[in-house]
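Notes to accompany the following structure.
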Amino acid sequence: MSTEETAPALLATVEPELRRVGFAFVAGTTMTAHLAECGPLDDWADFAASWNDLAVDTYMADQGRYRRRRHGVYAADAAPLRREPAQPHYQSLEYNTLNGGIARWFEPIAPRWDAGSSLPTVLRYCQRLFGALAPGVAGWQIEVHQFRIEARAGEQGLPTPEGVHRDGVDFVLVLLVARHNIASGTTTIHQPDGALLGRFTLTAPFDAALVDDARVCHGVTPVEAVDAAVPAYRDVLVVTFRARP
């Protein structure tokens, strides 16, 4: 399936909003249809279950143990999408004042998902959409993050502990995988001067936020357990695209 075959449907609802204001919220039902144009999602249930096997993020400068994650780096250019050798996740302090400035090595996304259906489908969607928004880019560095943010009795979980921020990339997809027993977790979008542009909450599987990271900043409010006696968490898949030099 070529970019030309899928781009019109992908861009009809998303691209104008991204160009106009620098972000878009896509409801899960619409997002599922968009993804289906880019490939199958046959193993989604198993892929979503893999969030139960994430390692605790030990790099949190606030000493929090509420975040679990896995990480992978991919490349997209004239060749097919492919996994790059393991490498750390790095953000400068300019973009992450809490945890930036150091190379952070996380457990890798399990290689089995590269050969599955859902993860490659999500990456193809991003490649086609972001490629249409930036047609002059010949190649992309892609980082993929599986995140689980947990909330416990008397302890909030912080989806963006660094606060409202930019990621230092070109484009970002945040795709909700699951919410269980949590309240809040509202995404806010801001102009660089801090002025609020929009707010929405990802509540259903496949609800998505798409962000032009060069134009706007984003953050997510803390999550709290509804019932302190039951596990409470927010699972998201985050994909970032950065143009290769």
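Ordering of the structure tokens sets the chain letters (A, B, ...), residue numbers begin anew at 1 in every chain, and ligands are numbered from 1 in the order given.
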Might you pull out every residue within 10 Å of region 149-152 of chain A, with only C-alpha atoms counted and same-chain residues fewer than 3 positions away left off, and present them as a PDB file with N, CA and C atoms, in the first residue's frame?
ATOM      1  N   VAL A  56      10.491  -0.945  35.818  1.00  0.00           N
ATOM      2  CA  VAL A  56      10.420   0.350  36.496  1.00  0.00           C
ATOM      3  C   VAL A  56      11.491   1.282  35.940  1.00  0.00           C
ATOM      4  N   ARG A  65       8.654   6.008  41.703  1.00  0.00           N
ATOM      5  CA  ARG A  65       8.669   4.654  41.137  1.00  0.00           C
ATOM      6  C   ARG A  65       7.302   4.334  40.537  1.00  0.00           C
ATOM      7  N   TYR A  66       6.698   5.359  39.964  1.00  0.00           N
ATOM      8  CA  TYR A  66       5.348   5.241  39.408  1.00  0.00           C
ATOM      9  C   TYR A  66       5.352   5.026  37.900  1.00  0.00           C
ATOM     10  N   ARG A  67       6.532   5.016  37.272  1.00  0.00           N
ATOM     11  CA  ARG A  67       6.596   4.893  35.819  1.00  0.00           C
ATOM     12  C   ARG A  67       7.344   3.627  35.421  1.00  0.00           C
ATOM     13  N   ARG A  68       6.736   2.866  34.487  1.00  0.00           N
ATOM     14  CA  ARG A  68       7.365   1.700  33.886  1.00  0.00           C
ATOM     15  C   ARG A  68       7.453   1.936  32.390  1.00  0.00           C
ATOM     16  N   ARG A  69       8.491   1.359  31.765  1.00  0.00           N
ATOM     17  CA  ARG A  69       8.637   1.638  30.336  1.00  0.00           C
ATOM     18  C   ARG A  69       9.549   0.638  29.649  1.00  0.00           C
ATOM     19  N   GLU A 155      -0.791   8.379  46.492  1.00  0.00           N
ATOM     20  CA  GLU A 155       0.341   8.686  45.613  1.00  0.00           C
ATOM     21  C   GLU A 155      -0.137   8.807  44.171  1.00  0.00           C
ATOM     22  N   GLN A 156      -0.033  10.008  43.632  1.00  0.00           N
ATOM     23  CA  GLN A 156      -0.390  10.228  42.245  1.00  0.00           C
ATOM     24  C   GLN A 156       0.665   9.628  41.312  1.00  0.00           C
ATOM     25  N   GLY A 157       0.252   9.357  40.090  1.00  0.00           N
ATOM     26  CA  GLY A 157       1.188   9.023  39.031  1.00  0.00           C
ATOM     27  C   GLY A 157       1.315  10.205  38.093  1.00  0.00           C
ATOM     28  N   LEU A 158       2.527  10.492  37.647  1.00  0.00           N
ATOM     29  CA  LEU A 158       2.782  11.676  36.826  1.00  0.00           C
ATOM     30  C   LEU A 158       3.146  11.263  35.400  1.00  0.00           C
ATOM     31  N   PRO A 159       2.219  11.393  34.457  1.00  0.00           N
ATOM     32  CA  PRO A 159       2.545  11.046  33.072  1.00  0.00           C
ATOM     33  C   PRO A 159       3.641  11.924  32.466  1.00  0.00           C
ATOM     34  N   THR A 160       3.682  13.202  32.870  1.00  0.00           N
ATOM     35  CA  THR A 160       4.739  14.111  32.391  1.00  0.00           C
ATOM     36  C   THR A 160       5.354  14.793  33.610  1.00  0.00           C
ATOM     37  N   ARG A 179      -6.703   2.416  30.177  1.00  0.00           N
ATOM     38  CA  ARG A 179      -6.851   3.136  31.447  1.00  0.00           C
ATOM     39  C   ARG A 179      -7.569   2.196  32.395  1.00  0.00           C
ATOM     40  N   HIS A 180      -7.064   2.070  33.609  1.00  0.00           N
ATOM     41  CA  HIS A 180      -7.705   1.177  34.573  1.00  0.00           C
ATOM     42  C   HIS A 180      -7.738   1.848  35.938  1.00  0.00           C
ATOM     43  N   ASN A 181      -8.950   2.120  36.417  1.00  0.00           N
ATOM     44  CA  ASN A 181      -9.151   2.592  37.788  1.00  0.00           C
ATOM     45  C   ASN A 181      -8.429   3.914  38.066  1.00  0.00           C
ATOM     46  N   ILE A 182      -8.405   4.812  37.082  1.00  0.00           N
ATOM     47  CA  ILE A 182      -7.769   6.105  37.314  1.00  0.00           C
ATOM     48  C   ILE A 182      -8.718   7.248  36.968  1.00  0.00           C
ATOM     49  N   ALA A 183      -8.447   8.381  37.602  1.00  0.00           N
ATOM     50  CA  ALA A 183      -9.126   9.628  37.283  1.00  0.00           C
ATOM     51  C   ALA A 183      -8.084  10.616  36.773  1.00  0.00           C
ATOM     52  N   GLY A 185      -5.595  12.619  34.206  1.00  0.00           N
ATOM     53  CA  GLY A 185      -4.753  12.297  33.062  1.00  0.00           C
ATOM     54  C   GLY A 185      -5.178  13.078  31.838  1.00  0.00           C
ATOM     55  N   PRO A 222      -1.658  14.824  36.534  1.00  0.00           N
ATOM     56  CA  PRO A 222      -1.450  13.598  37.306  1.00  0.00           C
ATOM     57  C   PRO A 222      -2.696  12.705  37.295  1.00  0.00           C
ATOM     58  N   VAL A 223      -2.454  11.397  37.442  1.00  0.00           N
ATOM     59  CA  VAL A 223      -3.549  10.439  37.559  1.00  0.00           C
ATOM     60  C   VAL A 223      -3.643   9.964  38.998  1.00  0.00           C
ATOM     61  N   GLU A 224      -4.864   9.678  39.418  1.00  0.00           N
ATOM     62  CA  GLU A 224      -5.130   9.223  40.781  1.00  0.00           C
ATOM     63  C   GLU A 224      -5.966   7.960  40.733  1.00  0.00           C
ATOM     64  N   ALA A 225      -5.765   7.093  41.702  1.00  0.00           N
ATOM     65  CA  ALA A 225      -6.552   5.866  41.788  1.00  0.00           C
ATOM     66  C   ALA A 225      -7.973   6.194  42.221  1.00  0.00           C
ATOM     67  N   VAL A 226      -8.934   5.627  41.530  1.00  0.00           N
ATOM     68  CA  VAL A 226     -10.334   5.777  41.946  1.00  0.00           C
ATOM     69  C   VAL A 226     -10.605   4.925  43.170  1.00  0.00           C
ATOM     70  N   ASP A 227     -10.169   3.685  43.139  1.00  0.00           N
ATOM     71  CA  ASP A 227     -10.285   2.757  44.255  1.00  0.00           C
ATOM     72  C   ASP A 227      -8.877   2.364  44.667  1.00  0.00           C
ATOM     73  N   ALA A 228      -8.447   2.816  45.838  1.00  0.00           N
ATOM     74  CA  ALA A 228      -7.070   2.598  46.275  1.00  0.00           C
ATOM     75  C   ALA A 228      -6.738   1.137  46.496  1.00  0.00           C
ATOM     76  N   ALA A 229      -7.746   0.285  46.576  1.00  0.00           N
ATOM     77  CA  ALA A 229      -7.502  -1.138  46.830  1.00  0.00           C
ATOM     78  C   ALA A 229      -7.294  -1.931  45.541  1.00  0.00           C
ATOM     79  N   VAL A 230      -7.419  -1.259  44.393  1.00  0.00           N
ATOM     80  CA  VAL A 230      -7.341  -1.933  43.093  1.00  0.00           C
ATOM     81  C   VAL A 230      -6.195  -1.303  42.291  1.00  0.00           C
ATOM     82  N   PRO A 231      -5.432  -2.099  41.529  1.00  0.00           N
ATOM     83  CA  PRO A 231      -4.378  -1.515  40.690  1.00  0.00           C
ATOM     84  C   PRO A 231      -4.926  -0.399  39.797  1.00  0.00           C
ATOM     85  N   ALA A 232      -4.153   0.660  39.659  1.00  0.00           N
ATOM     86  CA  ALA A 232      -4.576   1.828  38.880  1.00  0.00           C
ATOM     87  C   ALA A 232      -3.433   2.242  37.962  1.00  0.00           C
ATOM     88  N   TYR A 233      -3.719   2.370  36.661  1.00  0.00           N
ATOM     89  CA  TYR A 233      -2.639   2.702  35.735  1.00  0.00           C
ATOM     90  C   TYR A 233      -3.178   3.284  34.433  1.00  0.00           C
ATOM     91  N   ARG A 234      -2.273   3.965  33.740  1.00  0.00           N
ATOM     92  CA  ARG A 234      -2.531   4.543  32.409  1.00  0.00           C
ATOM     93  C   ARG A 234      -1.429   4.045  31.481  1.00  0.00           C
ATOM     94  N   ASP A 235      -1.811   3.307  30.429  1.00  0.00           N
ATOM     95  CA  ASP A 235      -0.862   2.748  29.472  1.00  0.00           C
ATOM     96  C   ASP A 235      -0.950   3.509  28.162  1.00  0.00           C
ATOM     97  N   VAL A 236       0.193   3.979  27.667  1.00  0.00           N
ATOM     98  CA  VAL A 236       0.217   4.647  26.370  1.00  0.00           C
ATOM     99  C   VAL A 236       1.412   4.162  25.563  1.00  0.00           C
TER     100      VAL A 236
END
Tell me which protein, DNA and RNA residues are within 12 Å of Val164 (chain A), counting only C-alpha atoms, leaving out same-chain ones fewer than 4 positions away, and put them as a PDB file with N, CA and C atoms, in the first residue's frame.
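File selection_34.pdb, as written:
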ATOM      1  N   TYR A  95      14.925  20.432  27.054  1.00  0.00           N
ATOM      2  CA  TYR A  95      13.623  19.824  26.816  1.00  0.00           C
ATOM      3  C   TYR A  95      13.106  19.025  28.015  1.00  0.00           C
ATOM      4  N   ASN A  96      13.988  18.558  28.850  1.00  0.00           N
ATOM      5  CA  ASN A  96      13.557  17.778  30.014  1.00  0.00           C
ATOM      6  C   ASN A  96      14.378  18.231  31.205  1.00  0.00           C
ATOM      7  N   THR A  97      13.835  19.182  31.947  1.00  0.00           N
ATOM      8  CA  THR A  97      14.581  19.757  33.064  1.00  0.00           C
ATOM      9  C   THR A  97      14.667  18.810  34.253  1.00  0.00           C
ATOM     10  N   LEU A  98      13.849  17.770  34.283  1.00  0.00           N
ATOM     11  CA  LEU A  98      13.883  16.815  35.396  1.00  0.00           C
ATOM     12  C   LEU A  98      14.877  15.694  35.139  1.00  0.00           C
ATOM     13  N   LEU A 158       2.527  10.492  37.647  1.00  0.00           N
ATOM     14  CA  LEU A 158       2.782  11.676  36.826  1.00  0.00           C
ATOM     15  C   LEU A 158       3.146  11.263  35.400  1.00  0.00           C
ATOM     16  N   PRO A 159       2.219  11.393  34.457  1.00  0.00           N
ATOM     17  CA  PRO A 159       2.545  11.046  33.072  1.00  0.00           C
ATOM     18  C   PRO A 159       3.641  11.924  32.466  1.00  0.00           C
ATOM     19  N   THR A 160       3.682  13.202  32.870  1.00  0.00           N
ATOM     20  CA  THR A 160       4.739  14.111  32.391  1.00  0.00           C
ATOM     21  C   THR A 160       5.354  14.793  33.610  1.00  0.00           C
ATOM     22  N   THR A 186      -5.415  14.366  32.015  1.00  0.00           N
ATOM     23  CA  THR A 186      -5.871  15.237  30.934  1.00  0.00           C
ATOM     24  C   THR A 186      -4.681  15.828  30.195  1.00  0.00           C
ATOM     25  N   THR A 187      -4.686  15.701  28.881  1.00  0.00           N
ATOM     26  CA  THR A 187      -3.641  16.275  28.044  1.00  0.00           C
ATOM     27  C   THR A 187      -3.925  17.748  27.823  1.00  0.00           C
ATOM     28  N   THR A 188      -2.904  18.588  27.993  1.00  0.00           N
ATOM     29  CA  THR A 188      -3.031  20.016  27.716  1.00  0.00           C
ATOM     30  C   THR A 188      -1.997  20.404  26.660  1.00  0.00           C
ATOM     31  N   ILE A 189      -2.418  21.276  25.758  1.00  0.00           N
ATOM     32  CA  ILE A 189      -1.560  21.749  24.676  1.00  0.00           C
ATOM     33  C   ILE A 189      -1.386  23.255  24.843  1.00  0.00           C
ATOM     34  N   HIS A 190      -0.149  23.718  24.700  1.00  0.00           N
ATOM     35  CA  HIS A 190       0.169  25.114  24.987  1.00  0.00           C
ATOM     36  C   HIS A 190       1.019  25.729  23.891  1.00  0.00           C
ATOM     37  N   GLN A 191       0.863  27.033  23.721  1.00  0.00           N
ATOM     38  CA  GLN A 191       1.799  27.790  22.922  1.00  0.00           C
ATOM     39  C   GLN A 191       3.145  27.838  23.648  1.00  0.00           C
ATOM     40  N   PRO A 192       4.230  28.146  22.961  1.00  0.00           N
ATOM     41  CA  PRO A 192       5.530  28.221  23.636  1.00  0.00           C
ATOM     42  C   PRO A 192       5.557  29.202  24.811  1.00  0.00           C
ATOM     43  N   ASP A 193       4.695  30.230  24.776  1.00  0.00           N
ATOM     44  CA  ASP A 193       4.663  31.176  25.896  1.00  0.00           C
ATOM     45  C   ASP A 193       3.798  30.689  27.057  1.00  0.00           C
ATOM     46  N   GLY A 194       3.246  29.476  26.930  1.00  0.00           N
ATOM     47  CA  GLY A 194       2.452  28.891  28.012  1.00  0.00           C
ATOM     48  C   GLY A 194       0.957  29.025  27.842  1.00  0.00           C
ATOM     49  N   ALA A 195       0.502  29.834  26.922  1.00  0.00           N
ATOM     50  CA  ALA A 195      -0.938  30.024  26.731  1.00  0.00           C
ATOM     51  C   ALA A 195      -1.599  28.700  26.335  1.00  0.00           C
ATOM     52  N   LEU A 196      -2.725  28.399  26.967  1.00  0.00           N
ATOM     53  CA  LEU A 196      -3.427  27.144  26.712  1.00  0.00           C
ATOM     54  C   LEU A 196      -4.121  27.180  25.358  1.00  0.00           C
ATOM     55  N   ASP A 213       5.703  19.014  17.383  1.00  0.00           N
ATOM     56  CA  ASP A 213       6.510  19.361  18.556  1.00  0.00           C
ATOM     57  C   ASP A 213       7.280  20.657  18.372  1.00  0.00           C
ATOM     58  N   VAL A 216       4.234  23.487  19.347  1.00  0.00           N
ATOM     59  CA  VAL A 216       3.466  23.546  20.597  1.00  0.00           C
ATOM     60  C   VAL A 216       4.134  22.698  21.674  1.00  0.00           C
ATOM     61  N   CYS A 217       3.754  22.976  22.911  1.00  0.00           N
ATOM     62  CA  CYS A 217       4.185  22.203  24.071  1.00  0.00           C
ATOM     63  C   CYS A 217       3.001  21.379  24.572  1.00  0.00           C
ATOM     64  N   HIS A 218       3.305  20.316  25.310  1.00  0.00           N
ATOM     65  CA  HIS A 218       2.225  19.477  25.812  1.00  0.00           C
ATOM     66  C   HIS A 218       2.553  18.961  27.219  1.00  0.00           C
ATOM     67  N   GLY A 219       1.525  18.600  27.937  1.00  0.00           N
ATOM     68  CA  GLY A 219       1.678  17.999  29.260  1.00  0.00           C
ATOM     69  C   GLY A 219       0.449  17.172  29.568  1.00  0.00           C
ATOM     70  N   VAL A 220       0.517  16.402  30.651  1.00  0.00           N
ATOM     71  CA  VAL A 220      -0.611  15.577  31.085  1.00  0.00           C
ATOM     72  C   VAL A 220      -0.743  15.714  32.591  1.00  0.00           C
ATOM     73  N   THR A 221      -1.948  15.947  33.065  1.00  0.00           N
ATOM     74  CA  THR A 221      -2.169  16.116  34.500  1.00  0.00           C
ATOM     75  C   THR A 221      -1.983  14.786  35.234  1.00  0.00           C
ATOM     76  N   PRO A 222      -1.658  14.824  36.534  1.00  0.00           N
ATOM     77  CA  PRO A 222      -1.450  13.598  37.306  1.00  0.00           C
ATOM     78  C   PRO A 222      -2.696  12.705  37.295  1.00  0.00           C
TER      79      PRO A 222
END
Could you give me, as number ranges by chain, the residues within 8 Å of Trp51 (chain A), counting only C-alpha atoms and dropping anything in the same chain fewer than 3 positions from it? A: 47-48, 54, 146-148, 235
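With only C-alpha atoms as the basis for measurement, A:Arg104 is the residue among A:Arg19, A:Arg166, A:Arg104, A:Arg112 that approaches Tyr59 (chain A) most closely.
Using only C-alpha atoms, the smallest distance between any of A:Gly116, A:Glu94, A:Gly168, A:Leu176 and Asp212 (chain A) comes from A:Gly168.
Each of A:Val177, A:Arg244, A:Leu197, A:Val73 was compared to Ala45 (chain A) using only C-alpha atoms, and A:Val177 turns out to be the nearest.
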Quick one: pick out all strand (DSSP E or B) residues within region 70-216 of chain A from a backbone DSSP run and write them as a PyMOL selection string. chain A and resi 70-76+82-83+89-90+103-104+108+140-152+155+157+165+171-180+182-184+186-190+196-201+208-212
Could you give me, as an MDAnalysis selection string, the residues within 7 Å of region 31-41 of chain A, counting only C-alpha atoms and dropping anything in the same chain fewer than 4 positions from it? chainID A and resid 6 10 26:27 117:118 121:122 124:125 206:207
Writing out the chosen residues with N, CA, C and O atoms as a PDB file, in the first residue's frame:
ATOM      1  N   THR A   6      -2.888   5.938   0.694  1.00  0.00           N
ATOM      2  CA  THR A   6      -3.445   6.096   2.034  1.00  0.00           C
ATOM      3  C   THR A   6      -3.500   7.542   2.487  1.00  0.00           C
ATOM      4  O   THR A   6      -4.312   7.898   3.315  1.00  0.00           O
ATOM      5  N   LEU A  10      -5.989   9.570   5.412  1.00  0.00           N
ATOM      6  CA  LEU A  10      -5.316   9.901   6.659  1.00  0.00           C
ATOM      7  C   LEU A  10      -5.339  11.400   6.924  1.00  0.00           C
ATOM      8  O   LEU A  10      -5.497  11.843   8.059  1.00  0.00           O
ATOM      9  N   VAL A  26      -7.587  12.639  18.114  1.00  0.00           N
ATOM     10  CA  VAL A  26      -8.283  11.705  17.232  1.00  0.00           C
ATOM     11  C   VAL A  26      -8.965  10.665  18.108  1.00  0.00           C
ATOM     12  O   VAL A  26      -8.303   9.967  18.885  1.00  0.00           O
ATOM     13  N   ALA A  27     -10.298  10.578  18.015  1.00  0.00           N
ATOM     14  CA  ALA A  27     -11.045   9.599  18.808  1.00  0.00           C
ATOM     15  C   ALA A  27     -10.677   8.185  18.390  1.00  0.00           C
ATOM     16  O   ALA A  27     -10.313   7.919  17.239  1.00  0.00           O
ATOM     17  N   SER A 117       1.919  -7.512  13.896  1.00  0.00           N
ATOM     18  CA  SER A 117       1.141  -6.659  12.993  1.00  0.00           C
ATOM     19  C   SER A 117       0.914  -5.260  13.560  1.00  0.00           C
ATOM     20  O   SER A 117       1.061  -4.269  12.839  1.00  0.00           O
ATOM     21  N   SER A 118       0.602  -5.136  14.834  1.00  0.00           N
ATOM     22  CA  SER A 118       0.141  -3.854  15.359  1.00  0.00           C
ATOM     23  C   SER A 118       1.215  -2.780  15.386  1.00  0.00           C
ATOM     24  O   SER A 118       0.982  -1.645  14.924  1.00  0.00           O
ATOM     25  N   THR A 121       2.102  -1.509  11.970  1.00  0.00           N
ATOM     26  CA  THR A 121       0.988  -0.730  11.431  1.00  0.00           C
ATOM     27  C   THR A 121       0.999   0.684  11.995  1.00  0.00           C
ATOM     28  O   THR A 121       0.817   1.667  11.254  1.00  0.00           O
ATOM     29  N   VAL A 122       1.212   0.831  13.303  1.00  0.00           N
ATOM     30  CA  VAL A 122       1.272   2.159  13.918  1.00  0.00           C
ATOM     31  C   VAL A 122       2.420   2.967  13.321  1.00  0.00           C
ATOM     32  O   VAL A 122       2.269   4.159  13.008  1.00  0.00           O
ATOM     33  N   ARG A 124       3.825   2.613  10.352  1.00  0.00           N
ATOM     34  CA  ARG A 124       3.507   2.989   8.968  1.00  0.00           C
ATOM     35  C   ARG A 124       2.548   4.178   8.946  1.00  0.00           C
ATOM     36  O   ARG A 124       2.674   5.084   8.108  1.00  0.00           O
ATOM     37  N   TYR A 125       1.554   4.158   9.832  1.00  0.00           N
ATOM     38  CA  TYR A 125       0.629   5.289   9.911  1.00  0.00           C
ATOM     39  C   TYR A 125       1.402   6.582  10.163  1.00  0.00           C
ATOM     40  O   TYR A 125       1.199   7.593   9.475  1.00  0.00           O
ATOM     41  N   PHE A 206      -7.110   3.471  21.728  1.00  0.00           N
ATOM     42  CA  PHE A 206      -6.830   4.071  20.427  1.00  0.00           C
ATOM     43  C   PHE A 206      -7.129   5.566  20.378  1.00  0.00           C
ATOM     44  O   PHE A 206      -6.850   6.199  19.350  1.00  0.00           O
ATOM     45  N   ASP A 207      -7.691   6.170  21.440  1.00  0.00           N
ATOM     46  CA  ASP A 207      -7.712   7.633  21.477  1.00  0.00           C
ATOM     47  C   ASP A 207      -6.279   8.122  21.319  1.00  0.00           C
ATOM     48  O   ASP A 207      -5.343   7.549  21.897  1.00  0.00           O
TER      49      ASP A 207
END
Helix (DSSP H, G or I) positions in region 57-189 of chain A, given as a ChimeraX atom specification: /A:111-113,118-133
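For the set A:Asp170, A:Asp62, A:Asp77, A:Asp57, the residue with the smallest atom-to-atom gap to His145 (chain A) is A:Asp57, counting only C-alpha atoms.
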Selection: 12 Å around region 239-242 of chain A, only C-alpha atoms, excl. self and same-chain fewer than 6 positions, as an MDAnalysis selection string: chainID A and resid 71:77 89 119:120 122:131 133:134 137:147 166:176 208:214
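For the pair CA of Gln63 (chain A) and CA of Gly100 (chain A), the separation is 14.5 Å.
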